[in-house]
Every structure is written in structure tokens, then in C-alpha cells.
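Asks: File follows, model_10.txt with compact mmCIF, C-alpha atoms:
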# COMPACT_ATOMS: atom_id res chain seq x y z
CA MET A 913 19.85 77.93 -25.12
CA VAL A 914 17.02 76.72 -27.36
CA ALA A 915 15.17 79.30 -29.44
CA ALA A 916 11.62 78.11 -30.10
CA ASP A 917 8.20 79.40 -31.08
CA ASP A 918 6.23 76.34 -29.96
CA GLU A 919 5.34 75.74 -26.32
CA ARG A 920 5.65 71.98 -26.85
CA VAL A 921 9.32 72.44 -27.69
CA ALA A 922 9.77 74.76 -24.72
CA ALA A 923 8.17 72.23 -22.36
CA ALA A 924 10.44 69.46 -23.64
CA VAL A 925 13.54 71.62 -23.08
CA ARG A 926 12.47 72.63 -19.58
CA SER A 927 11.80 68.99 -18.69
CA PHE A 928 15.53 68.18 -18.87
CA GLY A 929 16.65 71.44 -17.26
CA GLY A 930 17.53 73.25 -20.46
CA ARG A 931 17.27 76.97 -21.16
CA VAL A 932 14.68 78.09 -23.68
CA ARG A 933 13.83 81.47 -25.20
CA MET A 934 10.45 81.93 -26.85
CA THR A 935 10.63 83.81 -30.17
CA SER A 936 8.24 85.23 -32.70
CA PRO A 937 6.27 82.68 -34.77
CA ALA A 938 6.61 84.98 -37.79
CA HIS A 939 10.25 84.11 -38.56
CA GLN A 940 10.75 82.50 -41.96
CA THR A 941 14.22 81.07 -41.25
CA GLY A 942 16.32 79.82 -38.38
CA THR A 943 18.74 82.69 -39.01
CA ASP A 944 16.02 85.20 -38.27
CA ARG A 945 14.97 83.33 -35.11
CA LEU A 946 18.58 83.13 -33.94
CA ALA A 947 19.11 86.84 -34.52
CA GLU A 948 16.13 87.72 -32.31
CA VAL A 949 17.83 85.99 -29.38
CA ALA A 950 21.33 87.23 -30.32
CA ARG A 951 20.18 90.86 -29.99
CA THR A 952 19.76 90.28 -26.25
CA LEU A 953 23.11 88.55 -25.68
CA ASP A 954 26.45 90.10 -24.76
CA CYS A 955 28.96 87.95 -26.67
CA ASP A 956 31.27 87.99 -29.67
CA LEU A 957 30.36 84.68 -31.31
CA ILE A 958 27.09 82.83 -31.76
CA VAL A 959 27.04 79.06 -32.36
CA ASN A 960 23.94 77.73 -34.07
CA VAL A 961 23.33 73.99 -33.74
CA GLN A 962 20.18 73.42 -35.75
CA GLY A 963 17.38 71.37 -34.27
CA ASP A 964 17.50 68.85 -37.09
CA GLU A 965 21.10 67.89 -36.21
CA PRO A 966 20.68 65.91 -32.96
CA LEU A 967 23.91 63.92 -33.34
CA ILE A 968 26.36 66.85 -33.34
CA ASP A 969 29.50 65.95 -31.40
CA PRO A 970 30.88 68.75 -29.15
CA ALA A 971 34.22 68.39 -30.96
CA MET A 972 32.48 69.58 -34.13
CA ILE A 973 31.61 72.85 -32.41
CA GLU A 974 35.26 73.32 -31.50
CA GLN A 975 36.27 72.71 -35.11
CA ALA A 976 33.82 75.29 -36.43
CA LEU A 977 35.02 77.84 -33.85
CA ARG A 978 38.76 77.38 -34.43
CA PRO A 979 39.15 79.53 -37.59
CA PHE A 980 37.88 82.63 -35.77
CA ALA A 981 40.91 82.64 -33.47
CA ALA A 982 43.24 82.92 -36.46
CA ASP A 983 41.26 85.30 -38.68
CA SER A 984 39.68 88.45 -37.29
CA SER A 985 37.99 89.14 -40.64
CA LEU A 986 36.05 85.87 -40.66
CA VAL A 987 32.33 86.42 -40.11
CA MET A 988 30.78 82.97 -40.55
CA SER A 989 31.76 79.31 -40.57
CA THR A 990 30.08 75.95 -41.02
CA LEU A 991 31.04 72.29 -41.42
CA ARG A 992 31.37 69.78 -44.24
CA CYS A 993 32.24 66.10 -44.34
CA ARG A 994 33.03 63.70 -47.14
CA PHE A 995 30.26 61.39 -48.25
CA ASN A 996 30.50 57.88 -46.83
CA ASP A 997 27.82 56.83 -49.29
CA PRO A 998 28.24 58.51 -52.70
CA SER A 999 24.63 57.66 -53.61
CA GLU A 1000 23.52 60.31 -51.11
CA ALA A 1001 24.92 62.97 -53.41
CA SER A 1002 21.74 62.74 -55.50
CA ASP A 1003 19.36 62.95 -52.51
CA PRO A 1004 17.66 66.38 -52.46
CA HIS A 1005 17.20 66.13 -48.70
CA VAL A 1006 20.99 66.07 -48.28
CA VAL A 1007 22.62 69.47 -48.77
CA LYS A 1008 25.92 69.53 -50.66
CA VAL A 1009 28.67 72.12 -50.63
CA VAL A 1010 31.60 72.89 -52.94
CA VAL A 1011 34.56 74.91 -51.69
CA ASP A 1012 37.49 76.88 -53.06
CA GLN A 1013 41.18 76.15 -52.49
CA GLN A 1014 41.09 77.93 -49.11
CA GLY A 1015 38.04 76.06 -47.86
CA TYR A 1016 35.51 78.84 -48.37
CA ALA A 1017 32.11 77.78 -49.65
CA LEU A 1018 31.46 78.47 -53.31
CA TYR A 1019 27.89 77.15 -53.32
CA PHE A 1020 25.41 75.04 -51.41
CA SER A 1021 22.77 73.00 -53.20
CA ARG A 1022 20.24 70.23 -52.84
CA ALA A 1023 21.37 69.06 -56.28
CA ALA A 1024 24.39 66.82 -56.80
CA ILE A 1025 27.37 69.19 -57.05
CA PRO A 1026 29.91 69.37 -58.55
CA TYR A 1027 28.95 67.67 -61.78
CA LEU A 1028 31.60 65.07 -62.58
CA ARG A 1029 31.89 64.18 -66.25
CA GLY A 1030 31.91 60.47 -66.99
CA SER A 1031 29.64 57.51 -67.49
CA GLY A 1032 29.90 55.65 -64.19
CA PRO A 1033 28.36 56.35 -60.79
CA ARG A 1034 29.66 59.16 -58.65
CA ARG A 1035 32.58 58.45 -56.34
CA SER A 1036 33.56 60.18 -53.10
CA SER A 1037 37.15 58.95 -53.36
CA PRO A 1038 39.48 61.03 -55.56
CA ASP A 1039 41.57 57.93 -56.34
CA ALA A 1040 38.54 55.96 -57.46
CA ALA A 1041 37.32 58.89 -59.51
CA ALA A 1042 40.68 59.29 -61.24
CA SER A 1043 40.94 55.58 -62.01
CA GLU A 1044 37.59 55.72 -63.80
CA GLY A 1045 38.43 58.85 -65.78
CA TRP A 1046 36.58 61.20 -63.46
CA SER A 1047 37.80 64.55 -62.23
CA PRO A 1048 39.46 63.89 -58.84
CA VAL A 1049 37.12 65.99 -56.69
CA ASP A 1050 35.86 65.11 -53.24
CA LEU A 1051 32.12 65.32 -52.67
CA TYR A 1052 31.08 67.04 -49.46
CA ARG A 1053 27.89 66.98 -47.46
CA HIS A 1054 27.00 70.12 -45.55
CA ILE A 1055 26.36 69.81 -41.81
CA GLY A 1056 23.88 72.25 -40.29
CA LEU A 1057 26.09 73.88 -37.68
CA TYR A 1058 27.09 77.54 -37.98
CA VAL A 1059 29.23 80.03 -36.12
CA TYR A 1060 28.67 83.76 -36.64
CA ARG A 1061 30.21 86.91 -35.33
CA ARG A 1062 27.26 88.40 -33.48
CA ASP A 1063 27.34 91.71 -35.35
CA PHE A 1064 27.37 89.90 -38.69
CA LEU A 1065 24.43 87.69 -37.70
CA LEU A 1066 22.37 90.78 -36.93
CA THR A 1067 23.38 92.28 -40.29
CA LEU A 1068 22.54 89.04 -42.12
CA ALA A 1069 19.07 88.90 -40.60
CA ARG A 1070 18.36 92.42 -41.88
CA LEU A 1071 19.29 91.56 -45.47
CA GLU A 1072 16.59 90.72 -47.97
CA PRO A 1073 16.18 87.03 -48.86
CA THR A 1074 17.89 86.31 -52.18
CA PRO A 1075 16.78 84.48 -55.35
CA LEU A 1076 19.04 81.45 -54.86
CA GLU A 1077 18.13 81.26 -51.18
CA ARG A 1078 14.47 81.07 -52.17
CA ALA A 1079 15.06 78.64 -55.05
CA GLU A 1080 17.09 76.14 -52.98
CA ALA A 1081 15.37 76.88 -49.64
CA LEU A 1082 18.86 77.25 -48.13
CA GLU A 1083 19.24 80.35 -45.98
CA GLN A 1084 23.06 80.27 -45.97
CA LEU A 1085 22.95 81.27 -49.63
CA ARG A 1086 21.78 84.71 -48.50
CA ALA A 1087 25.26 85.37 -47.14
CA LEU A 1088 26.99 84.21 -50.35
CA GLU A 1089 24.66 86.15 -52.63
CA HIS A 1090 25.31 89.33 -50.68
CA GLY A 1091 29.06 88.84 -51.07
CA TYR A 1092 30.04 87.44 -47.67
CA ARG A 1093 32.40 84.46 -47.32
CA ILE A 1094 31.63 81.32 -45.34
CA MET A 1095 34.47 79.10 -44.14
CA ALA A 1096 33.41 75.46 -44.56
CA VAL A 1097 35.58 73.50 -42.15
CA GLU A 1098 36.11 69.84 -43.00
CA THR A 1099 35.33 67.41 -40.21
CA ALA A 1100 35.81 63.66 -39.94
CA TYR A 1101 32.72 63.46 -37.74
CA ASP A 1102 29.53 62.45 -39.46
CA SER A 1103 26.02 63.40 -38.50
CA ILE A 1104 22.48 62.62 -39.62
CA GLY A 1105 20.30 65.57 -40.47
CA VAL A 1106 16.66 64.75 -39.69
CA ASP A 1107 14.79 65.80 -42.82
CA THR A 1108 12.47 62.83 -43.38
CA PRO A 1109 10.54 60.28 -41.24
CA GLU A 1110 13.17 57.72 -42.28
CA ASP A 1111 15.96 59.94 -40.92
CA LEU A 1112 14.06 60.26 -37.64
CA GLU A 1113 13.82 56.50 -37.26
CA ARG A 1114 17.54 56.08 -37.98
CA VAL A 1115 18.41 58.60 -35.28
CA ARG A 1116 16.01 57.02 -32.78
CA ARG A 1117 17.63 53.62 -33.35
CA LEU A 1118 21.11 55.06 -32.86
CA LEU A 1119 20.16 56.94 -29.68
CA THR A 1120 18.41 53.87 -28.28
CA ALA A 1121 21.47 51.74 -29.00
CA ASP A 1122 23.74 54.31 -27.29
CA ALA A 1123 21.48 54.39 -24.22
CA ARG A 1124 21.66 50.62 -23.93
CA ALA A 1125 25.44 50.46 -24.37
Output the file's structure in the form of C-alpha cells.
Replies:
Amino acid sequence: MVAADDERVAAAVRSFGGRVRMTSPAHQTGTDRLAEVARTLDCDLIVNVQGDEPLIDPAMIEQALRPFAADSSLVMSTLRCRFNDPSEASDPHVVKVVVDQQGYALYFSRAAIPYLRGSGPRRSSPDAAASEGWSPVDLYRHIGLYVYRRDFLLTLARLEPTPLERAEALEQLRALEHGYRIMAVETAYDSIGVDTPEDLERVRRLLTADARA
């Protein structure tokens, strides 16, 4: 189901037989828009595939769902993948995430995190980092796919936006700042978030190539 506030989006979804739910145009975040629809659904879990992630593989959804079967206390999960191109770690359009030893998110940022002390360029490989005197830490890109327990999503949407959420323009920080944990599941699948006109062209080329294959 696609949650939208623009009739052009709704018409595009209907054209391929998809389900669409019109929502209020007053929502400031996707979380708030999602919660409006979730209030009308009878389910335990809500999966949010954001509209700027058109290359999500269905297997990625399964990976993000899996932790909920093993942990009844888990309220929210998302995905992360290692950088294929370490230079992307400095791109503010690419969201980064750092995690604790159990895989829970410590912080999300548009800045390059964590800071690795040293004089050379950043490396995504721990072995390469160690060989150059860097701290052996993997760098992870955040992928905009979320799973929520429905009750938690409704609670999250009622919480006030937080200072870091506003500063970074990253709504998932609202959960962290209010003390909730987010499991960031590592995936080997990569995706391209469409944040710039250049990203859009890259995705169009890939989809066109797939259609021709």
C-alpha cells in the first residue's frame, strides 16, 4: 500500500494496479504519514519501504523482519550495508549509521561517522584500515527501510520532534533521542537512495538495463 498526499502519485500507483491511501498533506515526516495509515490497519508489524528506495530487494524486507521473531521486546528495525565506495562516507546525501556490539544503532548522521584517526583516506575494509594505522571499524550506509511494531509506530508519531532529528533532518533519531532502540540489520544487498537528480538518473539507467535484459 502506498501512502501519498499527491494525486499524481496516487494516479501512478493506480495505473499499475497498486493500492494507495491518500493522507494529510500536513505531515512533516514519513513516519507521521505512515502512522496515519497504520491506525486503520489490523496487524502487528508495519514495514516501511520509503519512496526514495526503488531498488529494495524483497529479501531485504525479510532480513529486517527476522529479528522480531526472536525478540518480543524489539520495537523497530532498519538496514545497513557496508560501503562499496568509501568516498561516499563524506557525501551528506548518504546517511551513515554506527552500531553497538549487538547491532543496535548508536547514531545516524549525514556526516562521515565514525571519525577514524589517521592521515590517509577513509577505508571500508577493516584489514585495509588496520594496515594503514586506522582503527579497524567498518563504515555502514543506512538503507531507508524500517519495520515497526504497530503500537510503537503510533507512539513514535505522537512524540515531539527532537533536536538532533531537526538538526540532521533524520526522523529515526526521534526514536533514539527518546530512549528507544533500533536494530540495524546488516545486509549484503545494496540499494541506491534517490536523493539527487544524479541518483535518479543512475536508477533510471539500471531499471532500463534490467527491462532490456
Asks: Would you please work out which residue, of A:Leu1057, A:Gly942, A:Glu1077, A:Arg1086, is nearest to Leu967 in chain A when using all atoms listed in the file?
Replies: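 Residue with the minimum atom-to-atom distance to Leu967 in chain A: A:Leu1057.
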Asks: Which residue is closest to Asp944 in chain A? Choose from A:Arg1061, A:Arg1093, A:Arg1070, A:Arg1117 and count all atoms listed in the file.
Replies: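 Checking each of A:Arg1061, A:Arg1093, A:Arg1070, A:Arg1117 against Asp944 in chain A, counting all atoms listed in the file, the winner is A:Arg1070.
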Asks: Please provide as a ChimeraX atom specification all residues within 7 Å of range 950-959 of chain A, with the sequence filter that same-chain residues fewer than 2 positions apart are discarded (counting all atoms listed in the file).
Replies: /A:946-948,961,1058-1062
Asks: Near Lys1008 in chain A, counting only C-alpha atoms, which residues have an atom at most 8 Å away, once you skip same-chain residues fewer than 3 positions from it, shown as a list in words?
Replies: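 So, after excluding close chain neighbours, the residues are Ala1001, Phe1020, Ser1021, Arg1022, Ala1023, Ala1024, Ile1025, Leu1051, Tyr1052, Arg1053 and His1054 of chain A.
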Asks: Go ahead and dump the residues you just picked, C-alpha atoms, as a CSV table (one decimal), keeping the file's coordinate frame.
Replies:
chain,number,residue,atom,x,y,z
A,1001,ALA,CA,24.9,63.0,-53.4
A,1020,PHE,CA,25.4,75.0,-51.4
A,1021,SER,CA,22.8,73.0,-53.2
A,1022,ARG,CA,20.2,70.2,-52.8
A,1023,ALA,CA,21.4,69.1,-56.3
A,1024,ALA,CA,24.4,66.8,-56.8
A,1025,ILE,CA,27.4,69.2,-57.0
A,1051,LEU,CA,32.1,65.3,-52.7
A,1052,TYR,CA,31.1,67.0,-49.5
A,1053,ARG,CA,27.9,67.0,-47.5
A,1054,HIS,CA,27.0,70.1,-45.6
Asks: State, in Å with one decimal place, the distance from CA of Thr1074 in chain A to CA of Val1006 in chain A.
Replies: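 Atom-to-atom, CA of Thr1074 in chain A to CA of Val1006 in chain A, that is 20.8 Å.
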Asks: Here is a test: counting only C-alpha atoms, which residue of A:Ser985, A:Gln962, A:Gln1014, A:Asn996 is nearest to Val1106 in chain A?
Replies: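 Of A:Ser985, A:Gln962, A:Gln1014, A:Asn996, the one nearest Val1106 in chain A is A:Gln962, counting only C-alpha atoms.
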Asks: Between CA of Gly963 in chain A and CA of Leu977 in chain A, what is the spacing in Å?
Replies: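 It comes out at 18.8 Å.
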Asks: Choose the residue, out of A:Gly1056, A:Leu986, A:Pro937, A:Gly1091, that has the smallest atom-to-atom separation from Asp1107 in chain A; count all atoms listed in the file.
Replies: A:Gly1056
Asks: For CA of Ser1002 in chain A and CA of Pro1109 in chain A, quote the distance in Å rounded to one decimal.
Replies: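 Distance between the two atoms: 18.3 Å.
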Asks: Quick one: 4 Å padding each side, axis-aligned, all listed atoms of range 1016-1026 of chain A - centre and edge lengths in Å to one decimal, as JSON?
Replies:
{"center_x": 27.9, "center_y": 72.8, "center_z": -53.5, "size_x": 23.3, "size_y": 20.0, "size_z": 18.2}
Asks: Considering all atoms listed in the file, state which residue in the set A:Ile1104, A:Ala1079, A:Ala1017, A:Phe1064 is at the smallest distance from Glu1000 in chain A.
Replies: A:Ile1104
Asks: Point out the residue among A:Ser1103, A:Arg1078, A:Val1097, A:Asn960 with the least atom-to-atom distance to Val1115 in chain A, counting all atoms listed in the file.
Replies: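 Closest residue, counting all atoms listed in the file: A:Ser1103.
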